[in-house]
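J.: Sending over a structure as structure tokens; questions will come in a sec.
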Amino acid sequence: MYSPDGVREWIADDPDEECRAELEGLLDAAEAGDATAASELDDRFSGFLQFGTAGLRGAMAAGPCRMNRAVVRKAAAGLVAYLAQTAGPDALVAVGYDARHHSREFAEDTAAIVAAAGMRARIMPRALPTPLLAYAVRRLDADAGVMVTASHNPARDNGYKVYLGGRCADEWGRGVQLIPPADARIAEAIAATPPAGRIALADGYETIGEDLVDAYVRDCVAAVPPGPRDLSIVYTAMHGVGAQIMRRVFRDAGFARVIEVAEQCEPDPGFPTIAFPNPEEAGALDLAVATARRAGADLIIASDPDADRCSAAVPAGGGAWRQLSGDEIGAVLGEAVAARLETPERAAGAPGRPALANSIVSSCLLGRIAARHGLDHRETLTGFKWIARVPRLAYGYEEAIGFCVSPESVRDKDGLSAGLLLASVAAGLKRDGSSLTAELDRLYAEHGVHLTAPVTVRVEDLAIIGRTMEKVRADPPGELAGASVVRIRDLSLPEGDVPPTDGVAWHTQADDRVVIRPSGTEPKVKCYLEVRAPVDSPEGLEAAKAAASQRLDRLKEDVAAALRLED
């Protein structure tokens with residue numbers, strides 16, 4: 001329960017006039033007997049917004065359990081204290097921000113707090129995609145990076161992602177989002193900071209020059225092999241910051257026929273044309289599809305608002321379009337990277353081979369692609385903070401449309417370079433009389449049909465997440481989609497190189513797999529389903545796809561039933 005004196009103390013040290021007024025209004029209403037205002041204060045003062053491996057993320061409003069300038073200033077001061085211990089008093093911090101409400105203010109406050117501590121702060125010249133901040137950490141050899149963004153979250157949210165590099169990371173962790181125990185140490189330092197109004201700020205930070213943006217574009221283009229560029233592309237930035245860089249990347253790579261979805265290519269933090277700014281959500285690509293139909297396009301590429309993720313859709317005949325899943329894009333891009341890296345020595349098992357990596361909730365197909373081309377393969381926990389630090393990484397992806405295709409430049413997911421590589425692959429296939437869907441069929445014929453799908457349980461009461469995870473551990477099904485469950489793996493117990501995490505995996509006799517875990521960024525339980533059907537002959541591909549599709553539908557029903565809680 002909130003303390004009126006605690007609220008007044010927070011107000012007194014809140015540097016933002018609007019936030020102070022907001023809390024004063026709530027406190028006055030609560031003390032006048034308004035139960036709704038009292039409940040809101042209880043929630044906002046239930047603790048400090050949790051800082052973890054995803055940094056901070058939450059709704060923008062006043063109070064310690066929301067995203068606002070007071071919370072960001074304390075987070076920045078905590079990061080500075082951590083850097084003083086790990087990198088030294090001359091630590092360098094790169095700061096980036098997107099076009100969401102208050103992103104620039106949060107970024108400028110962060111840079112000013114770094115400068116006031118006597119450290120070096122360099123801030124991006126304007127609102128730019130997240131991959132450019134990850135790129136800057138590596139190129140500038142910064143000890144840390146901060147990106148102010150909530151990625152594909154709703155318009156009310158913002159976030160604060162922290163990357164480590166320089167003297168704070170090893171060879172494979174430079175420019176990667178932080179992992180334990182660094183997150184816990186920063187959270188402890190944040191808790192020890194003074195009230196936000198007493199944290200010093202200074203003007204002595206620098207602005208990063210446009211030469212860094214130019215270098216990113218050059219490196220992005222250089223990572224894609226030369227080849228045909230005869231492709232008509234429709235691109236949407238989802239009201240985010242991707243268009244200004246993506247149009248340069250396409251142009252410099254030689255793609256001349258790019259049509260932007262005009263209604264969505266200028267940054268707008270209100271996201272007026274979409275209910276939820278996530279390319280995976282139903283209806284998010286409606287304007288892009290309408291544009292592609294009018295233009296007779298070959299491919300749709302979509303970025304999420306901070307352009308670290310990439311979605312795509314392809315013609316499906318009769319004016320229809322089919323959105324590719326993250327696993328489908330992941331397989332196509334993985335094959336493209338792996339084919340370029342294959343050598344006789346690697347095929348023979350030479351040591352030190354490049355690695356392909358994906359999260360444990362992504363398709364098993366990438367592992368088979370890696371083996372086919374003589375490359376190593378690693379599975380990691382969910383998130384690019386794990387995928388991107390795999391040693392000798394050449395390519396990594398996760399099913400939530402995140403792809404790392406150029407880890408030497410950006411050791412994180414990058415929707416810009418991934419979109420360019422996908423367009424390059426599509427143009428090469430078009431020249432050869434093929435297509436992205438035909439390429440998937442070729443991979444299925446070689447490795448077996450791999451079909452994936454999600455089952456998601458959204459909740460209002462967060463306690464339901466814990467109860468659901470308790471149920472799947474205590475009462476697992478004995479059969480799924482007509483096949484016996486032959487292995488149950490509790491992911492909270494360590495196994496191999498994968499650290500423990502809250503999750504459960506079910507494996508069936510039919511080689512189907514289900515992974516269940518709480519979302520790390522949203523109030524929901526997520527289930528990741530995969531079925532595999534072998535292809536006995538070229539003529540058997542369609543039959544195998546049909547059988548796999550039918551089994552996937554049954555699996556969805558059975559998993560939904562297994563997760564259902566009793567009233």
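Every chain in the structure tokens has a letter given in the order shown (A, B, ...), and although residue numbers restart at 1 in each chain, ligands are simply numbered from 1 in the order shown.
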Can you pull out the residues contacting Ala215 in chain A? Cut-off 12 Å, using only C-alpha atoms, and skip same-chain residues under 2 positions away; I want them as a ChimeraX atom specification.
T.: /A:132,135-136,139-140,209-213,217-222,245,248-249,409
J.: Using only C-alpha atoms, which residues sit within 7 Å of range 477-480 of chain A once same-chain residues fewer than 3 positions away are excluded, as JSON, numbers by chain?
T.: {"A": [483, 484, 485, 555, 558, 562]}
J.: Could you check which of A:Val525, A:Leu451, A:Ala548, A:Ala12 is closest to Val472 in chain A, using only C-alpha atoms?
T.: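 Selected residue with least distance to Val472 in chain A: A:Val525.
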J.: Counting only C-alpha atoms, give me one row per residue of range 492-535 of chain A with an atom at most 12 Å from an atom of range 367-383 of chain A, showing the shortest contact pair and its distance in Å to one decimal, sorted by chain then residue number, as JSON lines.
T.:
```
{"residue": "A:Ser492", "atom": "CA", "partner": "A:Leu381", "partner_atom": "CA", "distance": 11.3}
{"residue": "A:Pro494", "atom": "CA", "partner": "A:Leu381", "partner_atom": "CA", "distance": 11.4}
{"residue": "A:Glu495", "atom": "CA", "partner": "A:Thr380", "partner_atom": "CA", "distance": 11.3}
{"residue": "A:Gly496", "atom": "CA", "partner": "A:Glu379", "partner_atom": "CA", "distance": 10.1}
{"residue": "A:Asp497", "atom": "CA", "partner": "A:Thr380", "partner_atom": "CA", "distance": 8.0}
{"residue": "A:Val498", "atom": "CA", "partner": "A:Thr380", "partner_atom": "CA", "distance": 5.9}
{"residue": "A:Pro499", "atom": "CA", "partner": "A:Leu381", "partner_atom": "CA", "distance": 7.3}
{"residue": "A:Pro500", "atom": "CA", "partner": "A:Leu381", "partner_atom": "CA", "distance": 8.5}
{"residue": "A:Thr501", "atom": "CA", "partner": "A:Leu381", "partner_atom": "CA", "distance": 7.6}
{"residue": "A:Asp502", "atom": "CA", "partner": "A:Leu381", "partner_atom": "CA", "distance": 10.3}
{"residue": "A:Gly503", "atom": "CA", "partner": "A:Leu381", "partner_atom": "CA", "distance": 10.3}
{"residue": "A:Val515", "atom": "CA", "partner": "A:Thr382", "partner_atom": "CA", "distance": 11.2}
{"residue": "A:Ile516", "atom": "CA", "partner": "A:Thr382", "partner_atom": "CA", "distance": 11.7}
{"residue": "A:Arg517", "atom": "CA", "partner": "A:Thr382", "partner_atom": "CA", "distance": 9.8}
{"residue": "A:Pro518", "atom": "CA", "partner": "A:Thr382", "partner_atom": "CA", "distance": 11.0}
{"residue": "A:Ser519", "atom": "CA", "partner": "A:Thr382", "partner_atom": "CA", "distance": 9.8}
{"residue": "A:Gly520", "atom": "CA", "partner": "A:Thr382", "partner_atom": "CA", "distance": 9.2}
{"residue": "A:Thr521", "atom": "CA", "partner": "A:Gly383", "partner_atom": "CA", "distance": 10.9}
{"residue": "A:Lys526", "atom": "CA", "partner": "A:Thr382", "partner_atom": "CA", "distance": 11.8}
{"residue": "A:Tyr528", "atom": "CA", "partner": "A:Thr382", "partner_atom": "CA", "distance": 11.6}
```
J.: Taking N, CA and C atoms for each residue, export the selection above as an mmCIF file, in the first residue's frame.
T.:
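Result written to selection.cif:
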```
data_model
loop_
_atom_site.group_PDB
_atom_site.id
_atom_site.type_symbol
_atom_site.label_atom_id
_atom_site.label_comp_id
_atom_site.auth_asym_id
_atom_site.auth_seq_id
_atom_site.Cartn_x
_atom_site.Cartn_y
_atom_site.Cartn_z
ATOM 1 N N SER A 492 14.087 -25.055 -16.026
ATOM 2 C CA SER A 492 14.634 -24.370 -14.855
ATOM 3 C C SER A 492 15.806 -25.141 -14.257
ATOM 4 N N PRO A 494 19.502 -26.838 -15.000
ATOM 5 C CA PRO A 494 20.562 -26.689 -16.009
ATOM 6 C C PRO A 494 20.786 -27.973 -16.792
ATOM 7 N N GLU A 495 21.058 -27.808 -18.094
ATOM 8 C CA GLU A 495 21.355 -28.955 -18.961
ATOM 9 C C GLU A 495 22.284 -28.480 -20.075
ATOM 10 N N GLY A 496 23.431 -29.111 -20.211
ATOM 11 C CA GLY A 496 24.383 -28.725 -21.246
ATOM 12 C C GLY A 496 24.881 -27.306 -21.042
ATOM 13 N N ASP A 497 24.996 -26.573 -22.145
ATOM 14 C CA ASP A 497 25.516 -25.198 -22.089
ATOM 15 C C ASP A 497 24.429 -24.155 -21.847
ATOM 16 N N VAL A 498 23.172 -24.578 -21.816
ATOM 17 C CA VAL A 498 22.071 -23.623 -21.692
ATOM 18 C C VAL A 498 21.777 -23.355 -20.222
ATOM 19 N N PRO A 499 21.893 -22.114 -19.764
ATOM 20 C CA PRO A 499 21.588 -21.800 -18.363
ATOM 21 C C PRO A 499 20.115 -22.063 -18.052
ATOM 22 N N PRO A 500 19.776 -22.250 -16.786
ATOM 23 C CA PRO A 500 18.378 -22.496 -16.422
ATOM 24 C C PRO A 500 17.494 -21.286 -16.689
ATOM 25 N N THR A 501 16.251 -21.554 -17.034
ATOM 26 C CA THR A 501 15.264 -20.500 -17.257
ATOM 27 C C THR A 501 13.895 -21.057 -16.918
ATOM 28 N N ASP A 502 12.930 -20.199 -16.715
ATOM 29 C CA ASP A 502 11.582 -20.645 -16.378
ATOM 30 C C ASP A 502 10.901 -21.146 -17.652
ATOM 31 N N GLY A 503 10.788 -22.439 -17.792
ATOM 32 C CA GLY A 503 10.162 -23.008 -18.980
ATOM 33 C C GLY A 503 10.087 -24.510 -18.897
ATOM 34 N N VAL A 515 7.471 -25.968 -26.391
ATOM 35 C CA VAL A 515 8.187 -25.248 -25.335
ATOM 36 C C VAL A 515 7.242 -24.201 -24.759
ATOM 37 N N ILE A 516 7.143 -24.145 -23.430
ATOM 38 C CA ILE A 516 6.227 -23.233 -22.749
ATOM 39 C C ILE A 516 7.045 -22.361 -21.803
ATOM 40 N N ARG A 517 6.836 -21.043 -21.894
ATOM 41 C CA ARG A 517 7.585 -20.120 -21.029
ATOM 42 C C ARG A 517 6.792 -18.831 -20.836
ATOM 43 N N PRO A 518 7.023 -18.135 -19.727
ATOM 44 C CA PRO A 518 6.424 -16.810 -19.576
ATOM 45 C C PRO A 518 7.141 -15.817 -20.487
ATOM 46 N N SER A 519 6.425 -14.854 -21.024
ATOM 47 C CA SER A 519 7.059 -13.804 -21.807
ATOM 48 C C SER A 519 7.935 -12.946 -20.911
ATOM 49 N N GLY A 520 9.067 -12.498 -21.447
ATOM 50 C CA GLY A 520 9.941 -11.636 -20.675
ATOM 51 C C GLY A 520 9.563 -10.176 -20.741
ATOM 52 N N THR A 521 8.688 -9.798 -21.661
ATOM 53 C CA THR A 521 8.373 -8.381 -21.853
ATOM 54 C C THR A 521 6.874 -8.074 -21.834
ATOM 55 N N LYS A 526 3.741 -17.974 -23.304
ATOM 56 C CA LYS A 526 3.947 -18.258 -24.719
ATOM 57 C C LYS A 526 4.323 -19.722 -24.905
ATOM 58 N N TYR A 528 5.522 -22.557 -27.911
ATOM 59 C CA TYR A 528 6.146 -22.649 -29.228
ATOM 60 C C TYR A 528 6.030 -24.092 -29.700
#
```
J.: Quick one: DSSP strand (DSSP E) residues in range 176-302 of chain A, as a ChimeraX atom specification?
T.: /A:176-177,206-207,233-236,258-260,299-302
J.: Go ahead and dump the residues you just picked, N, CA and C atoms, as a short mmCIF file (atom, residue, chain, number, x, y, z; two decimals), in the first residue's frame.
T.:
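Ended up saving to part_8.cif:
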```cif
data_model
loop_
_atom_site.label_atom_id
_atom_site.label_comp_id
_atom_site.auth_asym_id
_atom_site.auth_seq_id
_atom_site.Cartn_x
_atom_site.Cartn_y
_atom_site.Cartn_z
N VAL A 176 26.90 -6.50 -27.02
CA VAL A 176 25.74 -7.37 -26.79
C VAL A 176 24.99 -6.87 -25.56
N GLN A 177 23.68 -7.06 -25.54
CA GLN A 177 22.90 -6.70 -24.37
C GLN A 177 23.42 -7.45 -23.14
N GLU A 206 29.17 14.62 -26.06
CA GLU A 206 29.37 14.86 -27.48
C GLU A 206 28.22 14.26 -28.29
N THR A 207 28.06 14.76 -29.50
CA THR A 207 27.12 14.17 -30.45
C THR A 207 27.90 13.34 -31.46
N ILE A 233 9.96 -4.15 -54.32
CA ILE A 233 9.82 -4.31 -52.87
C ILE A 233 8.90 -3.24 -52.31
N VAL A 234 7.97 -3.65 -51.46
CA VAL A 234 7.19 -2.70 -50.66
C VAL A 234 7.76 -2.73 -49.26
N TYR A 235 8.03 -1.55 -48.70
CA TYR A 235 8.63 -1.45 -47.36
C TYR A 235 7.76 -0.61 -46.44
N THR A 236 7.57 -1.08 -45.21
CA THR A 236 6.90 -0.28 -44.20
C THR A 236 7.76 -0.21 -42.95
N VAL A 258 11.77 0.27 -54.94
CA VAL A 258 11.30 0.16 -53.55
C VAL A 258 10.17 1.15 -53.34
N ILE A 259 9.01 0.65 -52.95
CA ILE A 259 7.83 1.49 -52.72
C ILE A 259 7.56 1.51 -51.22
N GLU A 260 7.58 2.69 -50.63
CA GLU A 260 7.32 2.80 -49.20
C GLU A 260 5.82 2.95 -48.95
N LEU A 299 7.75 -8.58 -53.13
CA LEU A 299 8.10 -8.85 -51.74
C LEU A 299 7.69 -7.68 -50.87
N ILE A 300 7.23 -7.98 -49.65
CA ILE A 300 6.99 -6.97 -48.62
C ILE A 300 8.03 -7.17 -47.53
N ILE A 301 8.69 -6.08 -47.14
CA ILE A 301 9.60 -6.08 -46.00
C ILE A 301 9.04 -5.10 -44.98
N ALA A 302 8.95 -5.52 -43.72
CA ALA A 302 8.43 -4.66 -42.66
C ALA A 302 9.41 -4.63 -41.50
#
```
J.: Rank A:Leu462, A:Arg122, A:Ala423, A:Cys364 by their smallest atom-to-atom distance to Arg532 in chain A, using only C-alpha atoms, and report the top residue only.
T.: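 Ranking A:Leu462, A:Arg122, A:Ala423, A:Cys364 by distance to Arg532 in chain A, first place goes to A:Cys364.
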J.: Which neighbours of Leu422 in chain A fall inside 8 Å, counting only C-alpha atoms, when residues of the same chain fewer than 4 positions from it are skipped, and could you give them as a ChimeraX atom specification?
T.: /A:329,332-333,418,426
J.: Keeping C-alpha atoms, export the residues of the selection given above as a PDB file, in the first residue's frame.
T.:
```pdb
ATOM      1  CA  ILE A 329      12.661 -16.398 -42.704  1.00  0.00           C
ATOM      2  CA  VAL A 332      16.016 -19.083 -45.668  1.00  0.00           C
ATOM      3  CA  LEU A 333      18.540 -16.601 -44.307  1.00  0.00           C
ATOM      4  CA  ALA A 418      18.210  -8.852 -42.460  1.00  0.00           C
ATOM      5  CA  ALA A 426      14.603 -13.266 -53.225  1.00  0.00           C
TER       6      ALA A 426
END
```
